[in-house]
>>> print(open('final.csv').read())   # CSV, C-alpha atoms and all ligand atoms
chain,number,residue,atom,x,y,z
V,881,MET,CA,27.0,10.0,-18.1
V,882,ASN,CA,23.4,8.9,-18.8
V,883,ARG,CA,21.2,12.0,-18.8
V,884,ARG,CA,18.1,10.3,-20.0
V,885,ARG,CA,14.9,11.7,-18.6
V,886,PHE,CA,12.4,9.0,-17.7
V,887,PRO,CA,8.7,9.3,-18.1
V,888,VAL,CA,7.2,10.0,-14.7
V,889,VAL,CA,4.4,7.7,-13.4
V,890,LEU,CA,2.4,7.7,-10.2
V,891,LEU,CA,0.0,4.8,-9.2
V,892,VAL,CA,-2.1,4.9,-6.0
V,893,HIS,CA,-4.4,2.4,-4.4
V,894,GLY,CA,-7.0,2.5,-1.6
V,895,GLY,CA,-7.4,-1.2,-1.1
V,896,ALA,CA,-8.9,-4.3,-2.8
V,897,GLY,CA,-12.2,-5.9,-1.7
V,898,GLY,CA,-15.8,-6.5,-2.3
V,899,VAL,CA,-17.2,-3.0,-1.8
V,900,ARG,CA,-17.4,-0.1,-4.2
V,901,ALA,CA,-15.6,3.2,-3.6
V,902,GLY,CA,-17.4,6.2,-2.2
V,903,GLY,CA,-17.2,9.6,-3.8
V,904,PRO,CA,-15.0,11.1,-1.1
V,905,GLN,CA,-12.5,8.2,-1.5
V,906,LEU,CA,-12.3,8.7,-5.2
V,907,ARG,CA,-11.9,12.4,-4.9
V,908,THR,CA,-9.1,12.0,-2.3
V,909,ILE,CA,-7.3,9.6,-4.6
V,910,GLY,CA,-7.7,12.1,-7.4
V,911,ARG,CA,-6.2,14.9,-5.3
V,912,VAL,CA,-3.3,12.8,-4.2
V,913,LEU,CA,-2.5,11.8,-7.8
V,914,GLU,CA,-2.7,15.3,-9.0
V,915,GLU,CA,-0.4,16.7,-6.3
V,916,GLY,CA,2.1,13.8,-6.5
V,917,TYR,CA,2.3,13.8,-10.2
V,918,ALA,CA,3.0,17.5,-10.4
V,919,ARG,CA,5.8,17.0,-7.9
V,920,LEU,CA,7.3,14.2,-10.0
V,921,GLU,CA,7.1,16.4,-13.1
V,922,ASN,CA,9.1,19.0,-11.2
V,923,GLY,CA,11.8,16.6,-10.4
V,924,ALA,CA,10.8,15.3,-7.0
V,925,ALA,CA,12.2,11.9,-5.9
V,926,ALA,CA,9.8,8.9,-6.2
V,927,LEU,CA,10.5,8.0,-2.6
V,928,ASP,CA,9.3,11.5,-1.4
V,929,VAL,CA,6.2,11.4,-3.6
V,930,VAL,CA,5.2,7.8,-2.5
V,931,GLU,CA,5.6,8.8,1.2
V,932,SER,CA,3.6,12.0,0.8
V,933,ALA,CA,0.8,10.3,-1.2
V,934,ILE,CA,0.5,7.6,1.5
V,935,ARG,CA,0.6,10.2,4.3
V,936,ALA,CA,-2.3,12.1,2.7
V,937,LEU,CA,-4.3,8.9,2.5
V,938,GLU,CA,-3.5,8.0,6.1
V,939,ASP,CA,-4.6,11.5,7.2
V,940,SER,CA,-7.9,11.4,5.3
V,941,GLY,CA,-9.4,8.8,7.7
V,942,LEU,CA,-11.3,7.5,4.7
V,943,PHE,CA,-9.1,4.4,4.3
V,944,ASN,CA,-7.9,1.5,6.4
V,945,ALA,CA,-4.7,3.3,7.3
V,946,GLY,CA,-3.6,5.9,9.8
V,947,ARG,CA,-6.4,7.2,11.9
V,948,GLY,CA,-8.9,5.3,9.7
V,949,GLY,CA,-7.2,2.0,10.4
V,950,ARG,CA,-9.0,-1.2,11.6
V,951,LEU,CA,-8.9,-2.1,15.3
V,952,GLN,CA,-7.6,-5.4,16.4
V,953,LEU,CA,-9.8,-7.7,18.5
V,954,ASP,CA,-8.7,-6.2,21.7
V,955,GLY,CA,-9.8,-2.7,20.5
V,956,HIS,CA,-6.2,-1.5,19.9
V,957,LEU,CA,-5.1,0.2,16.7
V,958,ARG,CA,-1.8,-1.3,15.6
V,959,LEU,CA,-0.6,-0.2,12.2
V,960,ASP,CA,1.8,-1.6,9.6
V,961,ALA,CA,3.6,0.3,6.8
V,962,SER,CA,6.7,0.1,4.6
V,963,LEU,CA,8.6,2.0,1.9
V,964,MET,CA,11.3,0.9,-0.5
V,965,GLU,CA,13.4,2.6,-3.2
V,966,GLY,CA,14.8,0.8,-6.2
V,967,GLU,CA,18.2,2.4,-6.7
V,968,GLY,CA,20.0,1.2,-3.6
V,969,LEU,CA,17.3,-1.2,-2.5
V,970,ARG,CA,16.9,0.7,0.7
V,971,ALA,CA,13.8,-0.2,2.7
V,972,GLY,CA,12.1,0.6,6.0
V,973,ALA,CA,9.0,-0.7,7.7
V,974,VAL,CA,7.1,-0.7,10.9
V,975,ALA,CA,4.7,-3.4,12.2
V,976,GLY,CA,2.1,-3.1,14.9
V,977,ILE,CA,3.0,0.5,15.7
V,978,GLU,CA,0.7,2.3,18.1
V,979,GLY,CA,0.0,6.0,18.7
V,980,ILE,CA,1.8,7.4,15.7
V,981,ARG,CA,-0.2,9.4,13.2
V,982,ASN,CA,1.8,8.5,10.0
V,983,PRO,CA,3.2,5.0,10.1
V,984,VAL,CA,4.6,5.5,6.6
V,985,SER,CA,6.9,8.3,7.9
V,986,ALA,CA,8.0,6.0,10.7
V,987,ALA,CA,9.0,3.5,8.0
V,988,ARG,CA,10.9,6.3,6.2
V,989,ARG,CA,12.8,7.0,9.4
V,990,VAL,CA,13.7,3.4,9.7
V,991,LEU,CA,14.9,3.4,6.1
V,992,GLU,CA,17.0,6.6,6.6
V,993,SER,CA,18.1,6.7,10.2
V,994,SER,CA,18.6,3.1,11.3
V,995,PRO,CA,20.6,0.1,10.1
V,996,HIS,CA,17.4,-2.0,10.2
V,997,VAL,CA,14.6,-2.7,7.8
V,998,LEU,CA,11.7,-3.5,10.1
V,999,LEU,CA,10.8,-2.3,13.7
V,1000,ALA,CA,7.8,-3.8,15.5
V,1001,GLY,CA,5.5,-3.0,18.4
V,1002,GLU,CA,6.6,-0.9,21.3
V,1003,GLY,CA,10.2,-0.4,19.9
V,1004,ALA,CA,8.8,1.0,16.7
V,1005,GLY,CA,6.6,3.5,18.6
V,1006,ARG,CA,9.6,4.5,20.8
V,1007,PHE,CA,11.7,5.0,17.7
V,1008,ALA,CA,9.1,7.1,16.0
V,1009,ARG,CA,8.6,9.3,19.1
V,1010,PHE,CA,12.4,9.7,19.4
V,1011,HIS,CA,12.3,11.1,15.8
V,1012,ARG,CA,9.4,13.5,17.0
V,1013,LEU,CA,6.8,12.0,14.6
V,1014,ALA,CA,3.3,13.3,15.4
V,1015,GLY,CA,1.1,11.3,17.7
V,1016,MET,CA,-2.2,9.8,16.7
V,1017,GLY,CA,-5.2,12.1,17.1
V,1018,PRO,CA,-8.7,10.6,17.9
V,1019,HIS,CA,-9.4,7.4,16.0
V,1020,SER,CA,-12.1,7.5,13.3
V,1021,SER,CA,-15.5,7.0,15.0
V,1022,ARG,CA,-16.6,5.2,11.8
V,1023,GLN,CA,-14.0,2.5,12.5
V,1024,LYS,CA,-15.1,2.2,16.1
V,1025,ARG,CA,-18.7,1.6,14.9
V,1026,LEU,CA,-17.6,-0.9,12.3
V,1027,HIS,CA,-15.5,-2.7,15.0
V,1028,GLN,CA,-18.5,-3.1,17.3
V,1029,LYS,CA,-20.6,-4.3,14.4
V,1030,ALA,CA,-18.0,-6.8,13.4
V,1031,LEU,CA,-17.8,-8.2,16.9
V,1032,ARG,CA,-21.5,-8.7,17.0
V,1033,ALA,CA,-21.4,-10.5,13.7
V,1034,GLY,CA,-19.9,-13.6,15.3
V,1035,PRO,CA,-17.1,-15.9,14.4
V,1036,ASP,CA,-17.7,-16.2,10.7
V,1037,TRP,CA,-15.0,-13.6,10.2
V,1038,MET,CA,-13.1,-14.8,7.2
V,1039,GLY,CA,-16.1,-14.8,5.0
V,1040,LYS,CA,-17.7,-11.6,6.3
V,1041,TYR,CA,-15.1,-9.1,6.9
V,1042,ARG,CA,-14.8,-7.8,3.3
V,1043,THR,CA,-18.4,-6.7,3.2
V,1044,LEU,CA,-18.4,-5.4,6.8
V,1045,PHE,CA,-15.6,-2.9,6.1
V,1046,GLY,CA,-15.1,-2.0,2.6
V,1047,THR,CA,-12.3,0.5,2.8
V,1048,GLY,CA,-8.8,-0.7,2.3
V,1049,THR,CA,-5.2,-0.5,2.8
V,1050,VAL,CA,-3.4,2.3,0.9
V,1051,GLY,CA,-0.3,2.2,-1.3
V,1052,ALA,CA,1.6,4.0,-4.0
V,1053,ALA,CA,4.3,3.3,-6.6
V,1054,ALA,CA,6.2,5.9,-8.6
V,1055,LEU,CA,8.9,6.3,-11.3
V,1056,ASP,CA,10.8,9.6,-11.2
V,1057,ARG,CA,12.8,11.6,-13.7
V,1058,SER,CA,16.0,10.0,-12.7
V,1059,GLY,CA,14.6,6.5,-13.4
V,1060,THR,CA,14.2,5.5,-9.7
V,1061,LEU,CA,11.3,3.4,-8.7
V,1062,SER,CA,9.7,3.5,-5.2
V,1063,ALA,CA,6.8,1.7,-3.6
V,1064,GLY,CA,5.0,1.7,-0.2
V,1065,ALA,CA,2.0,0.7,1.7
V,1066,SER,CA,0.2,1.4,4.9
V,1067,THR,CA,-2.6,-0.5,6.6
V,1068,GLY,CA,-4.7,-1.2,9.7
V,1069,GLY,CA,-4.8,-4.9,8.7
V,1070,ILE,CA,-7.8,-7.1,8.2
V,1071,GLY,CA,-11.1,-7.2,10.1
V,1072,LEU,CA,-11.3,-9.1,13.4
V,1073,MET,CA,-7.6,-10.0,13.6
V,1074,LEU,CA,-6.0,-11.4,16.7
V,1075,PRO,CA,-3.9,-8.8,18.7
V,1076,GLY,CA,-0.4,-8.8,17.3
V,1077,ARG,CA,-1.3,-10.0,13.9
V,1078,VAL,CA,0.9,-8.5,11.2
V,1079,GLY,CA,0.0,-8.6,7.5
V,1080,ASP,CA,2.0,-8.3,4.2
V,1081,SER,CA,2.2,-4.5,4.1
V,1082,PRO,CA,5.3,-4.1,6.2
V,1083,LEU,CA,7.0,-7.2,4.8
V,1084,ILE,CA,9.4,-6.3,2.0
V,1085,GLY,CA,9.1,-8.8,-0.8
V,1086,ALA,CA,5.6,-9.8,0.2
V,1087,GLY,CA,3.5,-6.6,0.3
V,1088,VAL,CA,6.0,-4.1,-1.2
V,1089,TYR,CA,9.1,-4.2,-3.4
V,1090,ALA,CA,11.1,-1.8,-5.5
V,1091,ASP,CA,14.1,-2.4,-7.7
V,1092,ASN,CA,15.2,-0.2,-10.6
V,1093,ARG,CA,16.1,-3.4,-12.5
V,1094,SER,CA,12.7,-4.9,-12.2
V,1095,ALA,CA,9.6,-3.1,-10.8
V,1096,ALA,CA,7.8,-1.2,-8.0
V,1097,VAL,CA,5.0,-3.2,-6.5
V,1098,SER,CA,2.5,-2.4,-3.8
V,1099,MET,CA,0.0,-5.1,-2.8
V,1100,THR,CA,-3.4,-5.1,-1.1
V,1101,GLY,CA,-5.8,-7.8,-0.1
V,1102,GLU,CA,-5.7,-10.8,2.3
V,1103,GLY,CA,-2.2,-10.5,3.8
V,1104,GLU,CA,-1.9,-14.1,4.8
V,1105,SER,CA,-2.2,-15.3,1.2
V,1106,ILE,CA,0.1,-12.5,-0.1
V,1107,ILE,CA,2.8,-13.5,2.4
V,1108,ARG,CA,2.5,-17.2,1.7
V,1109,ALA,CA,2.8,-16.6,-2.1
V,1110,GLY,CA,5.6,-14.0,-1.7
V,1111,LEU,CA,3.8,-11.9,-4.2
V,1112,ALA,CA,5.6,-8.5,-4.5
V,1113,ARG,CA,9.0,-9.8,-5.3
V,1114,GLU,CA,7.7,-12.7,-7.3
V,1115,ILE,CA,5.9,-10.4,-9.6
V,1116,ALA,CA,8.8,-7.9,-9.8
V,1117,PHE,CA,11.1,-10.9,-10.7
V,1118,ARG,CA,8.8,-12.0,-13.5
V,1119,MET,CA,9.0,-8.4,-14.8
V,1120,ARG,CA,12.8,-8.5,-14.6
V,1121,LEU,CA,12.7,-11.6,-16.7
V,1122,GLY,CA,10.8,-9.7,-19.4
V,1123,ALA,CA,7.1,-10.2,-18.6
V,1124,ALA,CA,4.9,-7.1,-19.0
V,1125,PRO,CA,3.4,-5.8,-15.8
V,1126,ARG,CA,-0.1,-7.1,-16.6
V,1127,ALA,CA,1.1,-10.6,-17.6
V,1128,ALA,CA,3.4,-10.9,-14.6
V,1129,ALA,CA,0.7,-9.9,-12.1
V,1130,THR,CA,-2.0,-12.0,-13.7
V,1131,VAL,CA,0.0,-15.2,-13.6
V,1132,SER,CA,1.1,-14.8,-10.0
V,1133,LEU,CA,-2.3,-13.7,-8.7
V,1134,ARG,CA,-4.1,-16.6,-10.4
V,1135,GLU,CA,-1.5,-19.0,-9.2
V,1136,MET,CA,-2.0,-17.8,-5.6
V,1137,ARG,CA,-5.8,-18.2,-5.9
V,1138,GLU,CA,-5.6,-21.6,-7.4
V,1139,ARG,CA,-3.0,-23.0,-4.9
V,1140,ILE,CA,-4.0,-21.4,-1.6
V,1141,GLY,CA,-7.1,-19.3,-2.2
V,1142,GLY,CA,-7.1,-15.7,-1.0
V,1143,ALA,CA,-7.9,-12.4,-2.8
V,1144,ALA,CA,-5.5,-9.6,-3.6
V,1145,GLY,CA,-4.6,-6.9,-6.0
V,1146,GLY,CA,-1.9,-4.3,-6.5
V,1147,LEU,CA,0.1,-1.7,-8.4
V,1148,PHE,CA,2.8,-3.0,-10.8
V,1149,LEU,CA,5.2,-0.5,-12.3
V,1150,GLY,CA,8.1,-1.3,-14.5
V,1151,ALA,CA,11.4,0.5,-14.8
V,1152,ASP,CA,10.5,1.6,-18.4
V,1153,GLY,CA,7.2,3.2,-17.1
V,1154,ALA,CA,4.9,0.4,-18.3
V,1155,PHE,CA,2.4,-0.4,-15.6
V,1156,ALA,CA,-0.8,-2.3,-14.6
V,1157,LEU,CA,-3.3,-2.2,-11.8
V,1158,VAL,CA,-4.7,-5.8,-11.4
V,1159,HIS,CA,-6.9,-7.4,-8.8
V,1160,THR,CA,-8.7,-10.7,-8.2
V,1161,THR,CA,-11.3,-9.0,-6.0
V,1162,ALA,CA,-14.5,-7.5,-7.3
V,1163,PHE,CA,-13.1,-4.0,-6.8
V,1164,MET,CA,-9.9,-2.1,-6.1
V,1165,ILE,CA,-9.9,1.6,-5.4
V,1166,GLY,CA,-7.1,3.4,-7.0
V,1167,GLY,CA,-5.8,5.5,-9.9
V,1168,TYR,CA,-2.9,6.3,-12.1
V,1169,ARG,CA,-1.3,9.2,-13.9
V,1170,SER,CA,1.3,8.9,-16.7
V,1171,GLY,CA,1.5,11.7,-19.2
V,1172,ARG,CA,-2.0,12.2,-20.5
V,1173,ARG,CA,-3.1,8.8,-19.3
V,1174,GLU,CA,-5.2,9.1,-16.2
V,1175,LYS,CA,-7.9,7.0,-14.4
V,1176,ILE,CA,-9.5,7.1,-11.0
V,1177,SER,CA,-11.8,4.2,-10.3
V,1178,ASP,CA,-12.7,1.2,-8.2
V,1179,ARG,CA,-12.2,-1.3,-11.1
V,1180,PHE,CA,-9.1,-2.0,-13.1
V,1181,LEU,CA,-8.0,-5.3,-14.6
V,1182,ARG,CA,-9.9,-8.1,-12.8
V,1183,VAL,CA,-8.4,-11.5,-13.2
G,1,LIG,N1,-3.0,-6.5,3.0
G,1,LIG,C1,-3.5,-5.9,4.2
G,1,LIG,C2,-3.3,-6.8,5.3
G,1,LIG,O1,-3.4,-8.0,5.2
G,1,LIG,C3,-5.0,-5.6,4.2
G,1,LIG,C4,-5.6,-4.9,2.9
G,1,LIG,O2,-4.9,-4.8,1.9
G,1,LIG,O3,-6.7,-4.5,3.0
G,1,LIG,O4,-2.9,-6.4,6.4
>>> encode(input="final.csv", output="structure tokens", more="lines below")
Ligand code: ASP
Amino acid sequence: MNRRRFPVVLLVHGGAGGVRAGGPQLRTIGRVLEEGYARLENGAAALDVVESAIRALEDSGLFNAGRGGRLQLDGHLRLDASLMEGEGLRAGAVAGIEGIRNPVSAARRVLESSPHVLLAGEGAGRFARFHRLAGMGPHSSRQKRLHQKALRAGPDWMGKYRTLFGTGTVGAAALDRSGTLSAGASTGGIGLMLPGRVGDSPLIGAGVYADNRSAAVSMTGEGESIIRAGLAREIAFRMRLGAAPRAAATVSLREMRERIGGAAGGLFLGADGAFALVHTTAFMIGGYRSGRREKISDRFLRV
């Protein structure tokens, strides 16, 4: 029996975009990394650590997720999240869920307690309430102000939203002692989106992927481009074929930009513990911890 102990690794992001991180965001990322890494060292499963890390970021209200999530054009908060683990390729996701405090935990319930992968809209909310997940408290007043400001800014939304908002989607990827990879993401979506719009974050293979034979990936950025390029699984597959995380991500992100435009970034973690944080945007908030290697920043490898 293989009793090899794998190096533990935790990667976290707080979104890619054009705006620098604030001190509170960086401190929150630092705290989440420290707590999650300690749990991994003590033998916790990657899936549990990824879920808890994302929950903490949702609860902070400092990111575009959970109570800090962006409102859709009709003023409703509809959230997307997903989780995947790489041993059995089990996955769960929710899209457009309303009134639930931690969408990532609703995704976890879909993974564990249903035969499905993705629940959307009203059905997702009912499922989460059935499982007694906590309801959403008051929405961040900052997001309400930003929403009003964005509405006043007029129709030039594709160009403007990055600088109007600044905080991003959240995500995490981890490798645990048993060699299992997991990844997840949670988001309020992009600025000024039509009601009902769903991004890449709840789409397994687009925004998130985890397979012990290849990689754990969590994407952030313009969901429409990430979906069309099928990025998470494409990058994981390049890694399965032997590419290093940095090379795999760089090739796919550049190809997306050249062919269809769009801006994105993500966390890329291999089954051997090698990893990279790569983005085409000016900034990506995030951090990593692996042994003595640690960094918390809003800039990683920009390509
Ligand atoms: N990828 C997310 C979406 O399109 C947004 C983000 O990462 O900021 O919904």
>>> residues_near_ligand(input="final.csv", ligand="ligand LIG 1 (chain G)", cutoff="8 Å", atoms="all atoms listed in the file", output="list in words")
Gly895, Ala896, Gly897, Asn944, Asp960, Thr1047, Gly1048, Thr1049, Val1050, Thr1067, Gly1068, Gly1069, Ile1070, Val1078, Gly1079, Asp1080, Ser1081, Gly1087, Met1099, Thr1100, Gly1101, Glu1102, Gly1103, Glu1104, Ile1106 and Ala1144 of chain V
>>> residues_around(input="final.csv", residues="Ala1014 in chain V", least_positions_apart="3", cutoff="8 Å", atoms="only C-alpha atoms", output="mmCIF file with C-alpha atoms, keeping the file's coordinate frame")
data_model
loop_
_atom_site.group_PDB
_atom_site.id
_atom_site.type_symbol
_atom_site.label_atom_id
_atom_site.label_comp_id
_atom_site.auth_asym_id
_atom_site.auth_seq_id
_atom_site.Cartn_x
_atom_site.Cartn_y
_atom_site.Cartn_z
ATOM 1 C CA ILE V 980 1.800 7.400 15.700
ATOM 2 C CA ARG V 981 -0.200 9.400 13.200
ATOM 3 C CA ASN V 982 1.800 8.500 10.000
ATOM 4 C CA ARG V 1009 8.600 9.300 19.100
#
>>> closest_atom_pairs(input="final.csv", of="range 1047-1138 of chain V", to="range 1154-1164 of chain V", cutoff="9 Å", atoms="all atoms listed in the file", output="tab-separated table")
residue	atom	partner	partner_atom	distance
V:Gly1048	CA	V:Met1164	CA	8.6
V:Thr1100	CA	V:Met1164	CA	8.7
V:Gly1101	CA	V:Thr1161	CA	8.2
V:Ala1124	CA	V:Ala1154	CA	7.5
V:Pro1125	CA	V:Phe1155	CA	5.5
V:Arg1126	CA	V:Ala1156	CA	5.2
V:Ala1129	CA	V:Val1158	CA	6.8
V:Thr1130	CA	V:Val1158	CA	7.1
V:Leu1133	CA	V:Thr1160	CA	7.1
V:Arg1134	CA	V:Thr1160	CA	7.8
V:Arg1137	CA	V:Thr1160	CA	8.4
>>> closest_residue(input="final.csv", among="V:Ser1098, V:Thr1060, V:Ser985, V:Ser1105", to="Leu1147 in chain V", atoms="all atoms listed in the file")
V:Ser1098
>>> closest_residue(input="final.csv", among="V:Ala1030, V:Ala1086, V:Ile1165, V:Leu937", to="Ile1115 in chain V", atoms="all atoms listed in the file")
V:Ala1086
>>> closest_residue(input="final.csv", among="V:Lys1024, V:Arg1077, V:Arg970, V:Arg1118", to="Leu1061 in chain V", atoms="all atoms listed in the file")
V:Arg970
>>> closest_residue(input="final.csv", among="V:Ile934, V:Leu1072, V:Ala973, V:Leu890", to="Leu953 in chain V", atoms="all atoms listed in the file")
V:Leu1072
>>> atom_distance(input="final.csv", atom1="CA of Gly979 in chain V", atom2="CA of Leu1031 in chain V")
22.8 Å
>>> residues_around(input="final.csv", residues="Ala1116 in chain V", least_positions_apart="5", cutoff="10 Å", atoms="only C-alpha atoms", output="PyMOL selection string")
chain V and resi 1085+1088-1091+1093-1097+1111+1121-1123+1125+1128-1129+1148-1150
>>> closest_residue(input="final.csv", among="V:Gly1076, V:Gly948, V:Pro1082, V:Gly1059", to="Ala971 in chain V", atoms="only C-alpha atoms")
V:Pro1082
>>> closest_residue(input="final.csv", among="V:Ala1008, V:Leu999, V:Ala1054, V:Val974", to="Ala933 in chain V", atoms="only C-alpha atoms")
V:Ala1054
>>> atom_distance(input="final.csv", atom1="CA of Arg885 in chain V", atom2="CA of Arg1057 in chain V")
5.3 Å
>>> residues_around(input="final.csv", residues="range 993-995 of chain V", least_positions_apart="6", cutoff="10 Å", atoms="only C-alpha atoms", output="number ranges by chain")
V: 972, 987, 1007, 1011
>>> residues_around(input="final.csv", residues="Gly955 in chain V", least_positions_apart="4", cutoff="12 Å", atoms="all atoms listed in the file", output="list in words")
Gly949, Arg950, Leu951, Glu978, His1019, Gln1023, Lys1024, Arg1025, Leu1026, His1027, Gln1028, Ala1030, Leu1031, Gly1071, Leu1072, Met1073, Leu1074, Pro1075 and Gly1076 of chain V
>>> closest_atom_pairs(input="final.csv", of="range 926-962 of chain V", to="range 917-921 of chain V", cutoff="12 Å", atoms="all atoms listed in the file", output="tab-separated table")
residue	atom	partner	partner_atom	distance
V:Ala926	CA	V:Leu920	CA	7.0
V:Leu927	CA	V:Leu920	CA	10.2
V:Asp928	CA	V:Arg919	CA	9.2
V:Val929	CA	V:Arg919	CA	7.1
V:Val930	CA	V:Leu920	CA	10.1
V:Ser932	CA	V:Arg919	CA	10.3
V:Ala933	CA	V:Tyr917	CA	9.8
